[in-house]
Each structure stands twice: as C-alpha cells, then as structure tokens.
$ cat my_file01.pdb   # PDB, C-alpha atoms
ATOM      1  CA  MET Q 210     -15.429  22.522 -81.597
ATOM      2  CA  ASN Q 211     -12.308  21.067 -82.891
ATOM      3  CA  SER Q 212     -10.384  22.508 -79.977
ATOM      4  CA  ARG Q 213     -12.373  20.459 -77.515
ATOM      5  CA  LYS Q 214     -11.374  17.222 -79.198
ATOM      6  CA  ASN Q 215      -7.689  18.032 -79.005
ATOM      7  CA  LYS Q 216      -7.894  19.005 -75.368
ATOM      8  CA  LYS Q 217      -6.430  16.289 -73.117
ATOM      9  CA  VAL Q 218      -8.765  14.879 -70.586
ATOM     10  CA  LYS Q 219      -7.124  14.993 -67.156
ATOM     11  CA  LYS Q 220      -7.350  11.772 -65.289
ATOM     12  CA  GLY Q 221      -8.177  12.068 -61.629
ATOM     13  CA  ARG Q 222      -5.336  12.738 -59.225
ATOM     14  CA  GLY Q 223      -7.196  10.756 -56.598
ATOM     15  CA  GLY Q 224      -5.677   7.465 -57.768
ATOM     16  CA  LYS Q 225      -2.109   8.739 -57.449
ATOM     17  CA  ILE Q 226      -2.743  10.313 -54.063
ATOM     18  CA  PHE Q 227      -4.403   7.120 -52.844
ATOM     19  CA  ALA Q 228      -1.411   5.031 -54.008
ATOM     20  CA  ILE Q 229       1.050   7.351 -52.271
ATOM     21  CA  LEU Q 230      -0.953   7.365 -49.037
ATOM     22  CA  LEU Q 231      -1.320   3.586 -49.140
ATOM     23  CA  SER Q 232       2.430   3.104 -49.608
ATOM     24  CA  ILE Q 233       3.154   5.493 -46.702
ATOM     25  CA  VAL Q 234       0.714   3.604 -44.456
ATOM     26  CA  ILE Q 235       2.320   0.261 -45.397
ATOM     27  CA  PHE Q 236       5.793   1.709 -44.774
ATOM     28  CA  PHE Q 237       4.817   2.920 -41.285
ATOM     29  CA  ALA Q 238       3.060  -0.375 -40.545
ATOM     30  CA  LEU Q 239       6.287  -2.252 -41.328
ATOM     31  CA  ILE Q 240       8.274   0.072 -39.079
ATOM     32  CA  ILE Q 241       5.770  -0.316 -36.233
ATOM     33  CA  PHE Q 242       5.772  -4.101 -36.690
ATOM     34  CA  GLY Q 243       9.573  -4.135 -36.438
ATOM     35  CA  VAL Q 244       9.540  -1.984 -33.311
ATOM     36  CA  VAL Q 245       6.910  -4.222 -31.700
ATOM     37  CA  MET Q 246       8.910  -7.359 -32.472
ATOM     38  CA  ILE Q 247      12.105  -5.831 -31.076
ATOM     39  CA  GLY Q 248      10.146  -4.667 -28.023
ATOM     40  CA  ARG Q 249       8.840  -8.187 -27.463
ATOM     41  CA  GLN Q 250      12.395  -9.520 -27.560
ATOM     42  CA  VAL Q 251      13.563  -6.889 -25.065
ATOM     43  CA  ILE Q 252      10.611  -7.599 -22.755
ATOM     44  CA  SER Q 253      11.320 -11.319 -22.958
ATOM     45  CA  SER Q 254      14.971 -10.854 -21.992
ATOM     46  CA  GLN Q 255      14.039  -8.438 -19.175
ATOM     47  CA  THR Q 256      11.471 -10.938 -17.899
ATOM     48  CA  ASP Q 257      14.128 -13.629 -17.864
ATOM     49  CA  ASN Q 258      16.376 -11.317 -15.832
ATOM     50  CA  ILE Q 259      13.582 -10.576 -13.336
ATOM     51  CA  ALA Q 260      12.724 -14.274 -13.098
ATOM     52  CA  ALA Q 261      16.348 -15.118 -12.421
ATOM     53  CA  LYS Q 262      16.331 -12.642  -9.533
ATOM     54  CA  PHE Q 263      13.101 -14.016  -8.030
ATOM     55  CA  LEU Q 264      13.963 -17.686  -8.540
ATOM     56  CA  PRO Q 265      17.557 -18.105  -7.432
ATOM     57  CA  SER Q 266      19.666 -20.602  -9.299
ATOM     58  CA  SER Q 267      20.618 -23.717  -7.421
ATOM     59  CA  GLY Q 268      24.154 -23.614  -6.129
ATOM     60  CA  SER Q 269      26.338 -26.317  -4.675
ATOM     61  CA  SER Q 270      27.752 -24.346  -1.728
ATOM     62  CA  GLU Q 271      25.861 -23.839   1.518
ATOM     63  CA  ASP Q 272      26.041 -20.056   1.154
ATOM     64  CA  SER Q 273      23.975 -20.091  -2.029
ATOM     65  CA  ALA Q 274      21.244 -22.499  -0.989
ATOM     66  CA  SER Q 275      18.048 -21.839  -2.890
ATOM     67  CA  VAL Q 276      14.407 -22.686  -2.376
ATOM     68  CA  THR Q 277      14.762 -25.721  -4.641
ATOM     69  CA  ASP Q 278      17.780 -26.969  -2.701
ATOM     70  CA  ALA Q 279      16.062 -26.385   0.632
ATOM     71  CA  VAL Q 280      12.991 -28.319  -0.451
ATOM     72  CA  SER Q 281      15.051 -31.122  -2.007
ATOM     73  CA  GLN Q 282      16.980 -31.620   1.235
ATOM     74  CA  MET Q 283      13.800 -32.004   3.302
ATOM     75  CA  GLY Q 284      12.704 -35.460   2.151
ATOM     76  CA  SER Q 285       9.496 -35.823   4.125
ATOM     77  CA  ALA Q 286       8.374 -32.904   6.224
ATOM     78  CA  THR Q 287       5.259 -31.582   7.854
ATOM     79  CA  PRO Q 288       3.872 -28.212   6.811
ATOM     80  CA  SER Q 289       5.298 -26.586   9.953
ATOM     81  CA  ALA Q 290       8.769 -27.995   9.215
ATOM     82  CA  ILE Q 291       8.580 -26.702   5.638
ATOM     83  CA  ALA Q 292       7.499 -23.248   6.833
ATOM     84  CA  THR Q 293      10.355 -23.206   9.349
ATOM     85  CA  LYS Q 294      12.882 -24.191   6.667
ATOM     86  CA  LEU Q 295      11.574 -21.540   4.250
ATOM     87  CA  ASN Q 296      11.735 -18.891   6.992
ATOM     88  CA  GLU Q 297      15.307 -19.936   7.816
ATOM     89  CA  ASN Q 298      16.243 -19.389   4.161
ATOM     90  CA  ALA Q 299      14.391 -16.062   3.848
ATOM     91  CA  ASP Q 300      17.585 -14.002   4.148
ATOM     92  CA  VAL Q 301      19.303 -16.074   1.460
ATOM     93  CA  ILE Q 302      16.313 -15.729  -0.859
ATOM     94  CA  LYS Q 303      16.163 -11.953  -0.300
ATOM     95  CA  SER Q 304      19.893 -11.537  -0.938
ATOM     96  CA  GLN Q 305      19.840 -13.676  -4.084
ATOM     97  CA  SER Q 306      16.900 -11.709  -5.463
ATOM     98  CA  GLN Q 307      19.156  -8.621  -5.623
ATOM     99  CA  GLY Q 308      16.577  -6.335  -4.073
ATOM    100  CA  MET Q 309      13.562  -7.737  -5.925
ATOM    101  CA  ILE Q 310      12.148  -9.390  -2.791
ATOM    102  CA  SER Q 311      11.836  -7.280   0.338
ATOM    103  CA  SER Q 312      10.122  -9.872   2.524
ATOM    104  CA  ALA Q 313       9.655 -13.644   2.428
ATOM    105  CA  LYS Q 314       7.551 -15.317   5.105
ATOM    106  CA  ALA Q 315       6.034 -18.778   5.412
ATOM    107  CA  THR Q 316       3.192 -19.840   7.685
ATOM    108  CA  SER Q 317       1.520 -23.216   8.089
ATOM    109  CA  THR Q 318      -1.605 -25.006   9.206
ATOM    110  CA  ASP Q 319      -2.238 -28.740   9.534
ATOM    111  CA  SER Q 320      -2.178 -29.400   5.781
ATOM    112  CA  LYS Q 321      -1.250 -26.087   4.168
ATOM    113  CA  VAL Q 322       1.838 -23.926   3.752
ATOM    114  CA  THR Q 323       1.333 -20.271   2.838
ATOM    115  CA  TYR Q 324       4.399 -18.515   1.463
ATOM    116  CA  THR Q 325       4.201 -14.735   1.048
ATOM    117  CA  LEU Q 326       6.726 -12.824  -1.057
ATOM    118  CA  GLU Q 327       6.585  -9.040  -0.880
ATOM    119  CA  SER Q 328       8.290  -6.573  -3.181
ATOM    120  CA  SER Q 329       7.942  -2.907  -4.041
ATOM    121  CA  LYS Q 330       8.764  -3.827  -7.638
ATOM    122  CA  LEU Q 331       5.761  -6.079  -8.160
ATOM    123  CA  ASN Q 332       2.622  -5.132 -10.054
ATOM    124  CA  LYS Q 333       0.119  -7.104 -12.133
ATOM    125  CA  ALA Q 334       2.168  -6.806 -15.323
ATOM    126  CA  THR Q 335       5.457  -7.928 -13.776
ATOM    127  CA  VAL Q 336       3.779 -10.819 -11.963
ATOM    128  CA  GLY Q 337       2.137 -11.958 -15.199
ATOM    129  CA  ALA Q 338       5.398 -11.722 -17.116
ATOM    130  CA  LEU Q 339       7.272 -13.472 -14.335
ATOM    131  CA  LEU Q 340       4.838 -16.378 -14.267
ATOM    132  CA  LEU Q 341       4.876 -16.630 -18.049
ATOM    133  CA  ALA Q 342       8.633 -16.869 -18.067
ATOM    134  CA  SER Q 343       9.168 -19.041 -14.998
ATOM    135  CA  GLY Q 344       5.864 -20.641 -14.136
ATOM    136  CA  ASP Q 345       7.316 -24.100 -14.726
ATOM    137  CA  GLN Q 346      10.057 -23.507 -12.152
ATOM    138  CA  VAL Q 347       7.496 -22.356  -9.596
ATOM    139  CA  GLU Q 348       5.427 -25.485 -10.270
ATOM    140  CA  GLU Q 349       8.514 -27.671  -9.888
ATOM    141  CA  VAL Q 350       9.225 -26.224  -6.450
ATOM    142  CA  ALA Q 351       5.544 -26.519  -5.514
ATOM    143  CA  ASP Q 352       5.486 -30.184  -6.573
ATOM    144  CA  LYS Q 353       8.540 -30.898  -4.412
ATOM    145  CA  VAL Q 354       6.917 -29.224  -1.411
ATOM    146  CA  LEU Q 355       3.683 -31.167  -1.909
ATOM    147  CA  ASP Q 356       5.569 -34.470  -2.331
ATOM    148  CA  SER Q 357       7.485 -33.757   0.850
ATOM    149  CA  MET Q 358       4.244 -33.205   2.761
ATOM    150  CA  LYS Q 359       2.712 -36.371   1.268
ATOM    151  CA  LYS Q 360       5.720 -38.394   2.412
ATOM    152  CA  ALA Q 361       5.185 -37.017   5.912
ATOM    153  CA  GLY Q 362       1.621 -38.356   5.897
ATOM    154  CA  VAL Q 363      -0.345 -35.172   5.251
ATOM    155  CA  ALA Q 364      -3.670 -36.258   3.738
ATOM    156  CA  GLN Q 365      -4.390 -33.351   1.382
ATOM    157  CA  PRO Q 366      -1.298 -31.133   1.218
ATOM    158  CA  LYS Q 367      -1.721 -27.613  -0.122
ATOM    159  CA  LEU Q 368       0.686 -24.823  -0.961
ATOM    160  CA  GLN Q 369      -0.339 -21.212  -1.383
ATOM    161  CA  VAL Q 370       2.126 -18.642  -2.731
ATOM    162  CA  ASP Q 371       1.057 -15.032  -2.299
ATOM    163  CA  LEU Q 372       2.875 -12.431  -4.404
ATOM    164  CA  ALA Q 373       2.299  -9.051  -2.774
ATOM    165  CA  ASP Q 374       3.432  -5.467  -3.063
ATOM    166  CA  ASP Q 375       5.423  -3.784  -0.292
ATOM    167  CA  LYS Q 376       2.197  -2.682   1.436
ATOM    168  CA  GLY Q 377       1.047  -6.275   1.796
ATOM    169  CA  ASN Q 378      -1.663  -6.092  -0.880
ATOM    170  CA  VAL Q 379      -1.785  -9.487  -2.564
ATOM    171  CA  ILE Q 380      -1.371  -9.118  -6.325
ATOM    172  CA  LYS Q 381      -1.537 -12.795  -7.252
ATOM    173  CA  THR Q 382      -2.220 -15.975  -5.323
ATOM    174  CA  LEU Q 383      -0.954 -19.302  -6.617
ATOM    175  CA  ASN Q 384      -2.642 -22.383  -5.185
ATOM    176  CA  TYR Q 385      -1.207 -25.886  -5.528
ATOM    177  CA  SER Q 386      -2.585 -29.132  -4.139
ATOM    178  CA  ALA Q 387      -1.673 -32.771  -4.509
TER     179      ALA Q 387
END

$ encode --input "my_file01.pdb" --output "structure tokens"
Amino acid sequence: MNSRKNKKVKKGRGGKIFAILLSIVIFFALIIFGVVMIGRQVISSQTDNIAAKFLPSSGSSEDSASVTDAVSQMGSATPSAIATKLNENADVIKSQSQGMISSAKATSTDSKVTYTLESSKLNKATVGALLLASGDQVEEVADKVLDSMKKAGVAQPKLQVDLADDKGNVIKTLNYSA
C-alpha cells in the first residue's frame, strides 16, 4: 500500500498538447494575416495601374488628349456633338490604355449619351476593383459631360457608360443624370 502513495500521479498530457496546437494555430493565423495584408497592398497597386491605363492622364499636348481634356474643351454641346467628339478620340483612348481597351464607341439620343468600352481583359472583379480605385475620376468626367449638355439646353441630360467584354456582353452599366 505504501508503494501506491509514493507513485507519482501523471497529469494529463492533453493540456500540453492543446497549448502546442493552439500556439501553432496562432502562428499560422499570423502568417496568413500577413500574407493577406501584403496581397491587399499588391492588389491595390495593380488596381491603380489598371485604372491608370483605362483613365488616361491629362496631357498638355494635342497628341495626348484625354477624355477629360476633350470634355473640358467642349463647353456646351449637344449629346450628338459629345458622342462625335468621343468617337473622334477613340483611337487616342485605345492607344493610351496600352491594350486594355479594344473598342470605344459613343452613341446618342436627344438627351442621352451612351459610351461603350470593350476589353478582353474585363471581368466583374476587375471592373469592381477599377471602380473602387477610380470611381471618383469617372464621376468627374461624367459631371463635365452632363454640365456640357445642360449648357446646351438639354432638359434632362443622361450619360450611360457600358463596360463590356470583347464579345459585347455588358459587365457593368454606369448611369449618370443631372
């Protein structure tokens, strides 16, 4: 009987194993968190690069005229004049997009301009990221177009921008009205 009293009682190994597993899980969680944060930074910079290709920077020379410059130069214009001006600048917009835009076409009605941009590199994710990164620039251009139509006497000017894939399937439609 005496031997049973001297015998050490083994404490459960479950506590040690649980602590080790918990520390491993926390370690991997920290690594995954770091990778996700770095990935977000990379995605943000890539989105900025894509946005810069889709929304050309304004240049001072005639060769690098952008959508913003074209709209700013219009003053007051009817929807058909705006569509004509955008179609005239389609080649410049395509070249400044560095292959991101394959087709740019504008059409008009009495009070509405529809601008369709097609690209084989567009999908729902890239369009969402693009609008997140540069939605304010798109709105700025849209506001200038709408102001130009208002100055020309259009009662309820509207602008519709269709972002489509290379097959013509519209991925996202942006509607603006004054």

$ resolve_selection --input "my_file01.pdb" --expression "the PyMOL selection byres ((chain Q and resi 311) around 12)" --output "list of chain:residue names"
Q:Phe263, Q:Ala299, Q:Asp300, Q:Val301, Q:Ile302, Q:Lys303, Q:Ser304, Q:Gln305, Q:Ser306, Q:Gln307, Q:Gly308, Q:Met309, Q:Ile310, Q:Ser312, Q:Ala313, Q:Lys314, Q:Thr325, Q:Leu326, Q:Glu327, Q:Ser328, Q:Ser329, Q:Lys330, Q:Leu331, Q:Leu372, Q:Ala373, Q:Asp374, Q:Asp375, Q:Lys376, Q:Gly377

$ residues_around --input "my_file01.pdb" --residues "segment 286-297 of chain Q" --least-positions-apart "4" --cutoff "10 Å" --atoms "all atoms listed in the file" --output "ChimeraX atom specification"
/Q:275-276,279-280,301-302,313-324,354-363,366-368

$ atom_distance --input "my_file01.pdb" --atom1 "atom CA of Ala364 of chain Q" --atom2 "atom CA of Leu340 of chain Q"
28.1 Å

$ atom_distance --input "my_file01.pdb" --atom1 "atom CA of Asn378 of chain Q" --atom2 "atom CA of Thr335 of chain Q"
14.8 Å
